[in-house]
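K.L.:
Here it is, the structure, as structure tokens.
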Amino acid sequence: MLFWLLAAAGVAAPLAARANHVFIPMDNTQKEALKAYGVAFWLLQREVPVDWLLNYRGGAFAFETSSAAENELAVRGVTFQVISEAQYTGILQEIADPNANMDVMKLEKVPKIAVYTPKGKQPWDDAVTMVLTYAEIPYTQIYDDEVLKGELPKYDWLHLHHEDFTGEYGKFYASYRSYPWYQQQVRDAEAAAKRNGFGKVSQMKGAVATKMQEFIAGGGFLFAMCSATDSYDIALAGLGIDMVESMYDGDGADPNAQSKLNFNRCLAFQNFQLKTNPFEYEYSNIDMQPGERGLGEQNDYFQLFTFSAKYDPVPTMLCQNHEKTIHGFMGQTTAFRKSLIKPDVVIMGDTKQTGEARYVHGSLGKGTWTFYGGHDPEDYQHLVGEEPTDLALHPNSPGYRLILNNILFPAAKKKKQKT
């Protein structure tokens with residue numbers, strides 16, 4: 001009898017331990033929301049599936065517990081609790097209620113992440129590299145050479161650094177052409193174009209944009225912020241057209257460039273007008289201008305849309321947050337003019353009174369893309385040369401959470417479409 005009691009106890013204890021779950025709330029009770037995403041990624045690296053509880057406690061995470069995971073959570077300062085199998089079953093039943101706008105998304109795959117950024121850039125130049133570093137999520141830096149060599153299929157997720165795909169070097173010519181960093185940027189880009197067999201930087205950037213579009217169509221996930229959004233579509237629309245003036249490529253722009261644009265190639269935008277003045281710090285009328293927006297740091301906010309978790313899981317994942325009202329932030333490209341957004345694009349965040357979208361999403365072939373306006377979610381008007389944002393001061397930033405939603409999105413197990 002004693003043998004059977006001991007045997008039963010020896011079996012029951014491990015089963016009970018395995019049945020317990022770690023629950024990571026992502027609402028206002030969470031102390032380190034950004035690092036929680038890093039823990040989810042850490043678990044996936046160790047082949048531990050993670051449940052993403054869409055619209056439950058701010059988009060909470062849950063997984064079967066282990067001492068290693070609990071230690072990792074404690075080291076990173078992430079708020080969590082260990083709950084029983086019965087407690088977790090109760091949560092799942094609440095989520096499964098047909099009247100509840102909630103669902104469970106199983107995360108199983110470790111996304112291979114690439115950041116398209118020049119090697120000389122500093123981490124604080126880009127919000128995505130900053131938050132990846134803070135959350136301790138590994139990524140690989142690539143740039144034009146790697147893209148043109150066909151290396152994109154190695155990755156699942158690609159972020160576009162605050163790039164200028166038009167070949168106009170961010171249109172910094174008027175203000176910074178005498179600065180050593182600008183001159184070095186020009187030298188590096190021209191050398192890369194020559195190395196890859198292109199006569200002009202603008203031609204090389206067009207070829208890079210095309211490779212990225214092929215990456216999406218083949219099943220990749222592309223995420224872009226700030227000037228990498230509109231300049232990307234402009235480059236696609238203007239393939240084979242000289243859209244840049246002589247100070248950028250040695251000869252004048254085609255005076256008929258506007259009429260030759262092919263908007264069918266674009267991901268997000270159509271019918272836009274180019275800003276052809278080389279001294280104007282703007283690419284087109286896609287970006288809303290400060291004067292027409294009438295918004296400043298005190299009143300600049302946008303609203304996240306609420307999607308059906310059970311029927312629209314993709315935009316639901318991308319909008320998981322503990323806040324629905326997000327403080328806006330500026331960039332070279334701050335906000336997208338709604339009248340120029342293609343009708344099949346999903347708008348996930350907008351400011352209705354100004355007619356602008358801040359956060360949009362779409363699909364192409366087997367893959368998807370997301371555009372997010374602005375430069376740094378916790379630095380309203382980031383200026384050249386400013387100190388980097390210290391994310392330890394913003395561990396629950398709702399603006400940065402949107403970036404990390406996109407990081408985890410490729411890890412989700414695809415569900416059959418509900419009808």
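For the structure tokens, the naming scheme is as follows: chains receive sequential letters (A, B, ...) according to their order of presentation, residues are indexed from 1 within each chain, and ligands are indexed from 1 in presentation order.
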For range 68-78 of chain A, work out the shell of residues within 9 Å, counting only C-alpha atoms and skipping chain neighbours fewer than 4 positions away, then give it as an mmCIF file with N, CA, C and O atoms, in the first residue's frame.
P.N.:
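Listed below is the output, around_10.cif:
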data_model
loop_
_atom_site.group_PDB
_atom_site.id
_atom_site.type_symbol
_atom_site.label_atom_id
_atom_site.label_comp_id
_atom_site.auth_asym_id
_atom_site.auth_seq_id
_atom_site.Cartn_x
_atom_site.Cartn_y
_atom_site.Cartn_z
ATOM 1 N N VAL A 22 1.903 29.837 -16.056
ATOM 2 C CA VAL A 22 2.316 31.203 -15.745
ATOM 3 C C VAL A 22 1.401 32.139 -16.517
ATOM 4 O O VAL A 22 1.199 31.972 -17.727
ATOM 5 N N ILE A 24 0.838 36.107 -17.505
ATOM 6 C CA ILE A 24 1.482 37.422 -17.574
ATOM 7 C C ILE A 24 0.433 38.456 -17.976
ATOM 8 O O ILE A 24 0.041 38.535 -19.148
ATOM 9 N N GLN A 30 0.766 45.468 -15.136
ATOM 10 C CA GLN A 30 2.072 45.009 -15.604
ATOM 11 C C GLN A 30 3.122 46.114 -15.402
ATOM 12 O O GLN A 30 2.918 47.262 -15.764
ATOM 13 N N LYS A 31 4.276 45.730 -14.833
ATOM 14 C CA LYS A 31 5.348 46.687 -14.585
ATOM 15 C C LYS A 31 6.333 46.791 -15.744
ATOM 16 O O LYS A 31 7.017 47.801 -15.889
ATOM 17 N N GLU A 32 6.434 45.742 -16.544
ATOM 18 C CA GLU A 32 7.425 45.724 -17.633
ATOM 19 C C GLU A 32 6.798 45.111 -18.891
ATOM 20 O O GLU A 32 7.161 44.018 -19.318
ATOM 21 N N ALA A 33 5.870 45.840 -19.493
ATOM 22 C CA ALA A 33 5.155 45.302 -20.653
ATOM 23 C C ALA A 33 6.101 45.025 -21.818
ATOM 24 O O ALA A 33 5.982 44.001 -22.499
ATOM 25 N N LEU A 34 7.044 45.915 -22.077
ATOM 26 C CA LEU A 34 7.935 45.733 -23.226
ATOM 27 C C LEU A 34 8.817 44.506 -23.040
ATOM 28 O O LEU A 34 9.040 43.736 -23.972
ATOM 29 N N LYS A 35 9.304 44.307 -21.834
ATOM 30 C CA LYS A 35 10.145 43.133 -21.572
ATOM 31 C C LYS A 35 9.328 41.837 -21.596
ATOM 32 O O LYS A 35 9.885 40.754 -21.830
ATOM 33 N N ALA A 36 8.008 41.927 -21.366
ATOM 34 C CA ALA A 36 7.164 40.729 -21.431
ATOM 35 C C ALA A 36 7.188 40.132 -22.834
ATOM 36 O O ALA A 36 7.177 38.899 -22.999
ATOM 37 N N VAL A 39 10.248 38.077 -23.123
ATOM 38 C CA VAL A 39 10.126 36.773 -22.470
ATOM 39 C C VAL A 39 9.364 35.809 -23.372
ATOM 40 O O VAL A 39 9.730 34.634 -23.493
ATOM 41 N N TRP A 42 11.756 34.648 -25.832
ATOM 42 C CA TRP A 42 12.705 33.750 -25.164
ATOM 43 C C TRP A 42 12.111 32.346 -25.029
ATOM 44 O O TRP A 42 12.798 31.342 -25.249
ATOM 45 N N LEU A 43 10.844 32.256 -24.690
ATOM 46 C CA LEU A 43 10.169 30.967 -24.564
ATOM 47 C C LEU A 43 10.084 30.255 -25.910
ATOM 48 O O LEU A 43 10.334 29.046 -26.011
ATOM 49 N N VAL A 82 1.629 32.479 -10.960
ATOM 50 C CA VAL A 82 1.440 31.071 -11.287
ATOM 51 C C VAL A 82 0.016 30.696 -10.889
ATOM 52 O O VAL A 82 -0.410 30.946 -9.762
#
K.L.:
Within 6 Å of Thr370 in chain A, counting only C-alpha atoms, which residues qualify if same-chain residues fewer than 2 places away don't, as a PDB file with N, CA, C and O atoms, in the first residue's frame?
P.N.:
ATOM      1  N   PHE A 223       7.525  45.584 -41.838  1.00  0.00           N
ATOM      2  CA  PHE A 223       7.080  46.638 -40.940  1.00  0.00           C
ATOM      3  C   PHE A 223       7.934  47.871 -41.201  1.00  0.00           C
ATOM      4  O   PHE A 223       9.163  47.774 -41.303  1.00  0.00           O
ATOM      5  N   VAL A 360      -1.499  51.459 -40.255  1.00  0.00           N
ATOM      6  CA  VAL A 360      -2.258  50.783 -41.306  1.00  0.00           C
ATOM      7  C   VAL A 360      -1.607  49.448 -41.654  1.00  0.00           C
ATOM      8  O   VAL A 360      -0.417  49.227 -41.399  1.00  0.00           O
ATOM      9  N   HIS A 361      -2.409  48.591 -42.273  1.00  0.00           N
ATOM     10  CA  HIS A 361      -1.961  47.219 -42.516  1.00  0.00           C
ATOM     11  C   HIS A 361      -2.581  46.688 -43.805  1.00  0.00           C
ATOM     12  O   HIS A 361      -3.684  47.091 -44.197  1.00  0.00           O
TER      13      HIS A 361
END
K.L.:
Could you pull out the residues in range 137-168 of chain A that DSSP calls strand (DSSP E) from the backbone, as a ChimeraX atom specification?
P.N.:
/A:140-142,157-160
K.L.:
As an exercise, work out the distance from CA of Ile137 in chain A to CA of Val115 in chain A in Å and give it to one decimal place.
P.N.:
12.0 Å
K.L.:
Env of Asp125 in chain A: 10 Å cut, atoms = only C-alpha atoms, seq-sep filter 4 positions within chain, self excluded. Answer as a ChimeraX atom specification.
P.N.:
/A:117,121,129-130,161-162,375-376,382,384-389
K.L.:
Find the spatial neighbours of range 392-403 of chain A, counting only C-alpha atoms, within a cut-off of 9 Å - ignore same-chain residues fewer than 3 positions away - and output them as JSON, numbers by chain.
P.N.:
{"A": [26, 28, 30, 31, 32, 33, 34, 35, 37, 127, 128, 131, 134, 223, 318, 319, 320, 321, 322, 323, 324, 325, 326, 327, 328, 372, 376, 377, 378, 389, 406, 407]}
K.L.:
Write to file, as an mmCIF file, in the first residue's frame, the residues of the selection just made, with C-alpha atoms.
P.N.:
data_model
loop_
_atom_site.group_PDB
_atom_site.id
_atom_site.type_symbol
_atom_site.label_atom_id
_atom_site.label_comp_id
_atom_site.auth_asym_id
_atom_site.auth_seq_id
_atom_site.Cartn_x
_atom_site.Cartn_y
_atom_site.Cartn_z
ATOM 1 C CA MET A 26 -0.600 43.031 -19.964
ATOM 2 C CA ASN A 28 -2.115 48.424 -16.178
ATOM 3 C CA GLN A 30 2.072 45.009 -15.604
ATOM 4 C CA LYS A 31 5.348 46.687 -14.585
ATOM 5 C CA GLU A 32 7.425 45.724 -17.633
ATOM 6 C CA ALA A 33 5.155 45.302 -20.653
ATOM 7 C CA LEU A 34 7.935 45.733 -23.226
ATOM 8 C CA LYS A 35 10.145 43.133 -21.572
ATOM 9 C CA TYR A 37 7.339 40.479 -25.224
ATOM 10 C CA ALA A 127 12.587 53.104 -32.370
ATOM 11 C CA VAL A 128 12.444 49.468 -33.465
ATOM 12 C CA VAL A 131 12.822 48.450 -28.318
ATOM 13 C CA TYR A 134 15.375 46.787 -24.504
ATOM 14 C CA PHE A 223 7.080 46.638 -40.940
ATOM 15 C CA LEU A 318 -1.507 44.063 -34.082
ATOM 16 C CA CYS A 319 -3.656 46.309 -31.853
ATOM 17 C CA GLN A 320 -3.191 44.526 -28.508
ATOM 18 C CA ASN A 321 -2.649 47.174 -25.854
ATOM 19 C CA HIS A 322 -3.595 48.379 -22.403
ATOM 20 C CA GLU A 323 -4.636 51.716 -23.945
ATOM 21 C CA LYS A 324 -6.864 52.504 -26.920
ATOM 22 C CA THR A 325 -5.936 56.185 -27.034
ATOM 23 C CA ILE A 326 -2.279 56.573 -28.024
ATOM 24 C CA HIS A 327 -0.292 59.790 -27.694
ATOM 25 C CA GLY A 328 0.894 60.861 -31.134
ATOM 26 C CA TYR A 372 3.315 53.147 -38.600
ATOM 27 C CA ASP A 376 9.775 57.677 -31.705
ATOM 28 C CA PRO A 377 6.611 56.935 -29.663
ATOM 29 C CA GLU A 378 8.114 58.492 -26.512
ATOM 30 C CA THR A 389 15.108 57.676 -25.459
ATOM 31 C CA ASN A 406 4.264 43.177 -35.064
ATOM 32 C CA ILE A 407 7.350 41.324 -33.836
#
K.L.:
I need the helix (DSSP H, G or I) residues of range 32-162 of chain A per DSSP on the backbone, written as a PyMOL selection string.
P.N.:
chain A and resi 33-45+67-76+85-96+123-125+127-135+144-148+152-154
K.L.:
Identify, on the basis of only C-alpha atoms, every residue whose closest approach to Val186 in chain A does not exceed 12 Å; exclude the query and any residue fewer than 5 positions from it along the same chain; express the result as an MDAnalysis selection string.
P.N.:
chainID A and resid 118 167:173 176:181 191:193 200:202 247:249
K.L.:
Calculate how many Å separate CA of Glu85 in chain A from CA of Glu64 in chain A, rounding to one decimal.
P.N.:
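Computing it gives 9.3 Å between the two atoms.
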K.L.:
Kindly give the distance, in Å, that separates CA of Pro410 in chain A and CA of Lys109 in chain A, rounded to a single decimal.
P.N.:
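Those two atoms sit 7.5 Å apart.
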K.L.:
Just want the 6 Å neighbourhood of Ser227 in chain A, counted on only C-alpha atoms, with same-chain residues fewer than 2 positions away dropped. Output as a ChimeraX atom specification.
P.N.:
/A:162-163,229-231,332-333
